[in-house]
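Colleague: Handing you this structure, nothing more for now.
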Amino acid sequence: MYEERASRLAGAVVWTNTPSAASSVLPVLPDGCMDLLWSEGRLLVAGPDTRAYIPDGPPVPWVGIRLYPGTAPALLGVPAHELRDRRVELADLWPMSEVRRLSARVAAAAHPAAALEALALERAAPPEPALRRLVAALAAGRTVAATADELGLGARQLHRRSLAVFGYGPKTLARILRLQRALALAREGVPYAETAARAGYADQAHLSRDVREFTGRTPGDLLH
């Protein structure tokens, strides 16, 4: 069973996934975020995805904190583009002795999700106001050019900054946020043609192409 709640860390979400024996492995879809993860005694990091991630092996319990878009690199000390489309051990990024200590702390906790959240709270910096404005504008469907102008950033500067904090350029981030906007509408039962128009696609075929490019599936496959 999957459950999530708002974190005490600004903009983050704490989640747990405890699959049953009959659970199928579901794809993890691109969402503009990076996650700090705990599973089977290991601390890991999920980098920013540009395609659906399919977990290997049988379903196992996971705990995670999904960090607000663009904030994970400050916590991890690694540019986001170095982790794009990757799952890596935290020990590959931080000293092994420190990761062992943190792993023992989470393992000993009565509630690993709360321990993972506390770890992130201790180390994370609050989202920069400009970063929040950028994400909010793109999530609302503003164009990259208009958003760059509003923030007073040139195209190259915005692209360079986006690679470091999101793992890809602002146009890719805008497309991923638009995809998430469309999937949220479709899950509410909004017809695909209306979903496409409201989310900012040219038409339903455009929506279907983007869904297939980012997820490898059709909208119907994802929602049924």
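Residue numbering restarts at 1 for every chain of the structure tokens, chains are lettered A, B, ... in their displayed order, and ligands are numbered from 1 as they appear.
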Which residues, written as a short mmCIF file (atom, residue, chain, number, x, y, z; two decimals) with all heavy atoms, in the first residue's frame, have at least one atom at most 12 Å from Thr147 of chain A, with only C-alpha atoms counted and residues fewer than 4 positions away on the same chain left out?

Modeller:
data_model
loop_
_atom_site.label_atom_id
_atom_site.label_comp_id
_atom_site.auth_asym_id
_atom_site.auth_seq_id
_atom_site.Cartn_x
_atom_site.Cartn_y
_atom_site.Cartn_z
N ALA A 130 13.56 32.49 -5.97
CA ALA A 130 13.55 32.50 -7.44
C ALA A 130 13.27 31.11 -7.99
O ALA A 130 12.56 30.96 -8.99
CB ALA A 130 14.89 33.01 -7.97
N LEU A 131 13.81 30.09 -7.33
CA LEU A 131 13.57 28.72 -7.76
C LEU A 131 12.10 28.37 -7.60
O LEU A 131 11.48 27.76 -8.49
CB LEU A 131 14.45 27.78 -6.95
CG LEU A 131 14.48 26.30 -7.31
CD1 LEU A 131 15.83 25.70 -6.90
CD2 LEU A 131 13.35 25.54 -6.61
N ARG A 132 11.52 28.76 -6.47
CA ARG A 132 10.09 28.49 -6.25
C ARG A 132 9.25 29.19 -7.31
O ARG A 132 8.26 28.62 -7.81
CB ARG A 132 9.68 28.96 -4.86
CG ARG A 132 9.83 27.91 -3.77
CD ARG A 132 9.10 28.37 -2.50
NE ARG A 132 9.01 27.31 -1.52
CZ ARG A 132 8.10 26.35 -1.53
NH1 ARG A 132 7.23 26.27 -2.50
NH2 ARG A 132 8.08 25.44 -0.58
N ARG A 133 9.60 30.43 -7.65
CA ARG A 133 8.83 31.16 -8.66
C ARG A 133 8.94 30.48 -10.01
O ARG A 133 7.96 30.41 -10.77
CB ARG A 133 9.31 32.61 -8.74
CG ARG A 133 8.97 33.44 -7.50
CD ARG A 133 9.04 34.93 -7.79
NE ARG A 133 10.35 35.36 -8.25
CZ ARG A 133 11.34 35.72 -7.45
NH1 ARG A 133 11.17 35.71 -6.13
NH2 ARG A 133 12.51 36.12 -7.94
N LEU A 134 10.14 29.99 -10.32
CA LEU A 134 10.35 29.30 -11.60
C LEU A 134 9.48 28.05 -11.68
O LEU A 134 8.76 27.83 -12.67
CB LEU A 134 11.82 28.93 -11.75
CG LEU A 134 12.19 28.00 -12.92
CD1 LEU A 134 11.83 28.64 -14.24
CD2 LEU A 134 13.67 27.65 -12.88
N VAL A 135 9.53 27.20 -10.65
CA VAL A 135 8.75 25.97 -10.66
C VAL A 135 7.25 26.28 -10.70
O VAL A 135 6.49 25.66 -11.46
CB VAL A 135 9.08 25.11 -9.43
CG1 VAL A 135 8.17 23.89 -9.35
CG2 VAL A 135 10.54 24.66 -9.48
N ALA A 136 6.82 27.23 -9.90
CA ALA A 136 5.40 27.57 -9.85
C ALA A 136 4.91 28.08 -11.20
O ALA A 136 3.81 27.73 -11.66
CB ALA A 136 5.13 28.61 -8.76
N ALA A 137 5.72 28.91 -11.86
CA ALA A 137 5.32 29.47 -13.15
C ALA A 137 5.22 28.38 -14.21
O ALA A 137 4.24 28.32 -14.96
CB ALA A 137 6.32 30.54 -13.59
N LEU A 138 6.21 27.51 -14.27
CA LEU A 138 6.18 26.43 -15.27
C LEU A 138 5.07 25.43 -14.96
O LEU A 138 4.41 24.93 -15.87
CB LEU A 138 7.53 25.73 -15.33
CG LEU A 138 8.72 26.58 -15.79
CD1 LEU A 138 10.00 25.76 -15.82
CD2 LEU A 138 8.45 27.20 -17.17
N ALA A 139 4.84 25.15 -13.68
CA ALA A 139 3.77 24.23 -13.30
C ALA A 139 2.40 24.79 -13.67
O ALA A 139 1.46 24.04 -13.94
CB ALA A 139 3.83 23.94 -11.81
N ALA A 140 2.29 26.11 -13.69
CA ALA A 140 1.03 26.76 -14.04
C ALA A 140 0.86 26.91 -15.55
O ALA A 140 -0.19 27.39 -16.00
CB ALA A 140 0.94 28.13 -13.37
N GLY A 141 1.88 26.51 -16.31
CA GLY A 141 1.76 26.56 -17.77
C GLY A 141 2.38 27.77 -18.42
O GLY A 141 2.21 27.97 -19.64
N ARG A 142 3.11 28.58 -17.67
CA ARG A 142 3.80 29.72 -18.28
C ARG A 142 4.91 29.21 -19.19
O ARG A 142 5.50 28.16 -18.94
CB ARG A 142 4.42 30.61 -17.19
CG ARG A 142 3.40 31.24 -16.26
CD ARG A 142 2.73 32.43 -16.88
NE ARG A 142 3.67 33.57 -17.01
CZ ARG A 142 3.41 34.65 -17.75
NH1 ARG A 142 2.29 34.71 -18.45
NH2 ARG A 142 4.28 35.63 -17.77
N THR A 143 5.20 29.95 -20.24
CA THR A 143 6.27 29.54 -21.15
C THR A 143 7.63 29.78 -20.50
O THR A 143 7.78 30.60 -19.60
CB THR A 143 6.22 30.31 -22.48
OG1 THR A 143 6.52 31.69 -22.22
CG2 THR A 143 4.85 30.19 -23.14
N LEU A 151 11.96 36.49 -14.32
CA LEU A 151 13.00 36.29 -13.32
C LEU A 151 14.26 37.09 -13.63
O LEU A 151 15.20 37.09 -12.83
CB LEU A 151 13.35 34.79 -13.24
CG LEU A 151 12.24 33.86 -12.74
CD1 LEU A 151 12.70 32.41 -12.83
CD2 LEU A 151 11.85 34.21 -11.31
N GLY A 152 14.28 37.74 -14.78
CA GLY A 152 15.46 38.52 -15.14
C GLY A 152 16.66 37.67 -15.51
O GLY A 152 17.81 38.06 -15.26
N LEU A 153 16.42 36.48 -16.08
CA LEU A 153 17.49 35.56 -16.44
C LEU A 153 17.56 35.40 -17.96
O LEU A 153 16.52 35.34 -18.63
CB LEU A 153 17.26 34.18 -15.81
CG LEU A 153 17.26 34.11 -14.28
CD1 LEU A 153 16.84 32.72 -13.83
CD2 LEU A 153 18.64 34.46 -13.74
N GLY A 154 18.78 35.32 -18.49
CA GLY A 154 18.95 35.02 -19.90
C GLY A 154 18.74 33.54 -20.15
O GLY A 154 18.78 32.72 -19.23
N ALA A 155 18.54 33.18 -21.41
CA ALA A 155 18.25 31.79 -21.76
C ALA A 155 19.39 30.86 -21.36
O ALA A 155 19.17 29.78 -20.80
CB ALA A 155 17.98 31.68 -23.26
N LEU A 158 19.59 30.54 -17.52
CA LEU A 158 18.50 29.72 -17.00
C LEU A 158 18.76 28.24 -17.29
O LEU A 158 18.54 27.39 -16.43
CB LEU A 158 17.17 30.14 -17.62
CG LEU A 158 15.93 29.35 -17.18
CD1 LEU A 158 15.74 29.44 -15.67
CD2 LEU A 158 14.69 29.84 -17.91
N PRO A 170 15.14 23.88 -18.68
CA PRO A 170 13.82 24.33 -18.27
C PRO A 170 12.70 23.85 -19.19
O PRO A 170 11.57 23.66 -18.74
CB PRO A 170 13.95 25.86 -18.28
CG PRO A 170 15.08 26.14 -19.22
CD PRO A 170 16.04 25.01 -19.03
N LYS A 171 12.99 23.63 -20.47
CA LYS A 171 11.94 23.14 -21.37
C LYS A 171 11.54 21.71 -21.00
O LYS A 171 10.34 21.37 -21.04
CB LYS A 171 12.40 23.22 -22.81
CG LYS A 171 12.51 24.66 -23.33
CD LYS A 171 12.87 24.71 -24.80
CE LYS A 171 12.94 26.16 -25.29
NZ LYS A 171 13.30 26.26 -26.72
N ALA A 174 9.47 21.94 -17.89
CA ALA A 174 8.12 22.42 -18.21
C ALA A 174 7.27 21.29 -18.78
O ALA A 174 6.08 21.14 -18.44
CB ALA A 174 8.19 23.58 -19.19
#

Colleague: How close does each residue of segment 137-178 of chain A get to segment 34-42 of chain A, giving the shortest atom pair and distance in Å to one decimal for every residue with an atom at most 12 Å away, counting only C-alpha atoms, sorted by chain and residue number, as a Markdown table?

Modeller:
| residue | atom | partner | partner_atom | distance |
| --- | --- | --- | --- | --- |
| A:Val165 | CA | A:Met34 | CA | 10.0 |
| A:Phe166 | CA | A:Met34 | CA | 8.5 |
| A:Gly167 | CA | A:Met34 | CA | 9.5 |

Colleague: Using only C-alpha atoms, which residue out of A:Ala199, A:Leu76, A:Ala113, A:Ala186 lies closest to Glu4 of chain A?

Modeller: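 That would be A:Ala113, the residue with the smallest distance to Glu4 of chain A.
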
Colleague: As an exercise, work out the distance from atom CA of Ala74 of chain A to atom CA of Arg105 of chain A in Å and give it to one decimal place.

Modeller: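 Separation between atom CA of Ala74 of chain A and atom CA of Arg105 of chain A: 21.9 Å.
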
Colleague: For the atom pair atom CA of Asp210 of chain A and atom CA of Arg175 of chain A, what is the interatomic distance in Å to one decimal place?

Modeller: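 Taking atom CA of Asp210 of chain A as the start and atom CA of Arg175 of chain A as the end point, the length is 8.1 Å.
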
Colleague: What's the 6 Å shell around segment 43-56 of chain A, counting only C-alpha atoms, without same-chain residues fewer than 6 positions away, as a count of residues only?

Modeller: 19

Colleague: Could you pull the residues within 8 Å of Ser7 of chain A, counting only C-alpha atoms, minus those fewer than 6 positions along the same chain, as a list in words?

Modeller: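 Selected residues are Val13, Val14, Ile65 and Glu117 of chain A.
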
Colleague: To one decimal place, how far is atom CA of Pro79 of chain A from atom CA of Arg161 of chain A in Å?

Modeller: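 These atoms are spaced 9.8 Å apart.
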
Colleague: Any idea what's packed within 8 Å of Thr16 of chain A, counting only C-alpha atoms, ignoring anything in its chain fewer than 5 positions away? Could you give it as a list of chain:residue names?

Modeller: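 Returned residues: A:Met1, A:Tyr2, A:Glu3, A:Glu4, A:Pro61, A:Trp62, A:Val63, A:Gly64, A:Ala113.
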
Colleague: Keeping all heavy atoms, export the residues of the selection given above as a compact mmCIF listing (two decimals), in the first residue's frame.

Modeller:
# COMPACT_ATOMS: atom_id res chain seq x y z
N MET A 1 0.84 -1.19 0.00
CA MET A 1 0.00 0.00 0.00
C MET A 1 0.88 1.25 0.00
O MET A 1 1.87 1.33 0.73
CB MET A 1 -0.91 0.00 1.22
CG MET A 1 -1.85 1.20 1.28
SD MET A 1 -3.05 1.11 2.63
CE MET A 1 -1.96 1.17 4.06
N TYR A 2 0.52 2.21 -0.82
CA TYR A 2 1.26 3.47 -0.91
C TYR A 2 0.53 4.54 -0.10
O TYR A 2 -0.69 4.70 -0.19
CB TYR A 2 1.37 3.91 -2.37
CG TYR A 2 2.06 5.24 -2.54
CD1 TYR A 2 3.45 5.31 -2.61
CD2 TYR A 2 1.34 6.43 -2.62
CE1 TYR A 2 4.10 6.53 -2.76
CE2 TYR A 2 1.97 7.65 -2.76
CZ TYR A 2 3.36 7.70 -2.83
OH TYR A 2 4.00 8.91 -2.97
N GLU A 3 1.30 5.27 0.72
CA GLU A 3 0.75 6.38 1.50
C GLU A 3 1.74 7.54 1.45
O GLU A 3 2.96 7.32 1.36
CB GLU A 3 0.52 5.98 2.95
CG GLU A 3 -0.52 4.89 3.15
CD GLU A 3 -0.72 4.54 4.61
OE1 GLU A 3 0.29 4.37 5.32
OE2 GLU A 3 -1.89 4.44 5.03
N GLU A 4 1.23 8.76 1.52
CA GLU A 4 2.10 9.93 1.57
C GLU A 4 1.47 11.02 2.42
O GLU A 4 0.27 11.02 2.67
CB GLU A 4 2.40 10.46 0.16
CG GLU A 4 1.21 11.01 -0.58
CD GLU A 4 1.57 11.58 -1.94
OE1 GLU A 4 2.40 11.00 -2.66
OE2 GLU A 4 1.01 12.65 -2.29
N PRO A 61 9.45 -3.23 0.52
CA PRO A 61 9.03 -1.97 1.16
C PRO A 61 10.03 -0.83 0.90
O PRO A 61 11.24 -1.05 0.89
CB PRO A 61 8.99 -2.33 2.65
CG PRO A 61 8.88 -3.82 2.69
CD PRO A 61 9.65 -4.31 1.51
N TRP A 62 9.49 0.35 0.71
CA TRP A 62 10.30 1.55 0.52
C TRP A 62 9.76 2.67 1.39
O TRP A 62 8.56 2.76 1.63
CB TRP A 62 10.26 2.03 -0.94
CG TRP A 62 11.02 1.19 -1.91
CD1 TRP A 62 10.56 0.10 -2.60
CD2 TRP A 62 12.38 1.37 -2.31
NE1 TRP A 62 11.56 -0.40 -3.41
CE2 TRP A 62 12.67 0.35 -3.25
CE3 TRP A 62 13.37 2.29 -1.96
CZ2 TRP A 62 13.93 0.23 -3.84
CZ3 TRP A 62 14.61 2.18 -2.55
CH2 TRP A 62 14.89 1.16 -3.49
N VAL A 63 10.67 3.51 1.85
CA VAL A 63 10.32 4.77 2.51
C VAL A 63 11.09 5.85 1.77
O VAL A 63 12.23 5.65 1.34
CB VAL A 63 10.75 4.75 4.00
CG1 VAL A 63 10.58 6.13 4.62
CG2 VAL A 63 9.95 3.71 4.76
N GLY A 64 10.45 7.01 1.57
CA GLY A 64 11.14 8.06 0.85
C GLY A 64 10.67 9.45 1.26
O GLY A 64 9.59 9.61 1.84
N ALA A 113 10.26 6.43 8.33
CA ALA A 113 9.89 7.60 7.54
C ALA A 113 10.17 8.89 8.31
O ALA A 113 10.68 9.86 7.75
CB ALA A 113 8.41 7.53 7.15

Colleague: Where does DSSP see strand (DSSP E) in segment 10-211 of chain A, if you list the residues as an NGL selection string?

Modeller: :A and (13-17 or 34-39 or 42-46 or 62-67 or 87-89)

Colleague: Which is closest to Gly169 of chain A among A:His111, A:Arg209, A:His81, A:Arg101, if we use only C-alpha atoms?

Modeller: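 Looking at the shortest contact to Gly169 of chain A, the residue is A:His81.
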
Colleague: Counting only C-alpha atoms, figure out which residue out of A:Ala146, A:Leu173, A:Leu116, A:Arg181 gets nearest to Leu102 of chain A.

Modeller: A:Leu116

Colleague: Show me, as a list in words, the residues that have an atom within 9 Å of Ala125 of chain A when counting only C-alpha atoms, minus same-chain residues fewer than 5 positions from it.

Modeller: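 In the requested format, the answer is Thr71, Ala72, Ala74 and Leu75 of chain A.
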
Colleague: Per DSSP on the backbone, what are the helix (DSSP H, G or I) residues of segment 11-185 of chain A, as number ranges by chain?

Modeller: A: 72-76, 80-83, 90-92, 96-108, 112-123, 129-139, 144-151, 155-165, 170-185

Colleague: Just the residues within 8 Å of Ala10 of chain A, please, counting only C-alpha atoms, with nothing from its chain fewer than 5 positions along; format it as a ChimeraX atom specification.

Modeller: /A:68,126-127

Colleague: Quick one: write out the picked residues with N, CA and C atoms as a compact mmCIF listing (two decimals), in the first residue's frame?

Modeller:
# COMPACT_ATOMS: atom_id res chain seq x y z
N TYR A 68 11.31 18.98 -2.84
CA TYR A 68 10.76 19.99 -3.76
C TYR A 68 11.70 20.15 -4.95
N PRO A 126 16.30 25.82 2.66
CA PRO A 126 14.97 26.14 2.14
C PRO A 126 15.05 26.50 0.66
N PRO A 127 13.99 26.20 -0.10
CA PRO A 127 13.99 26.54 -1.52
C PRO A 127 14.22 28.03 -1.74

Colleague: Rank nothing, just name the residue among A:Leu93, A:Ala120, A:Ala108, A:Ala164 nearest to Ala80 of chain A, using only C-alpha atoms.

Modeller: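 Of A:Leu93, A:Ala120, A:Ala108, A:Ala164, the one nearest Ala80 of chain A is A:Ala164, counting only C-alpha atoms.
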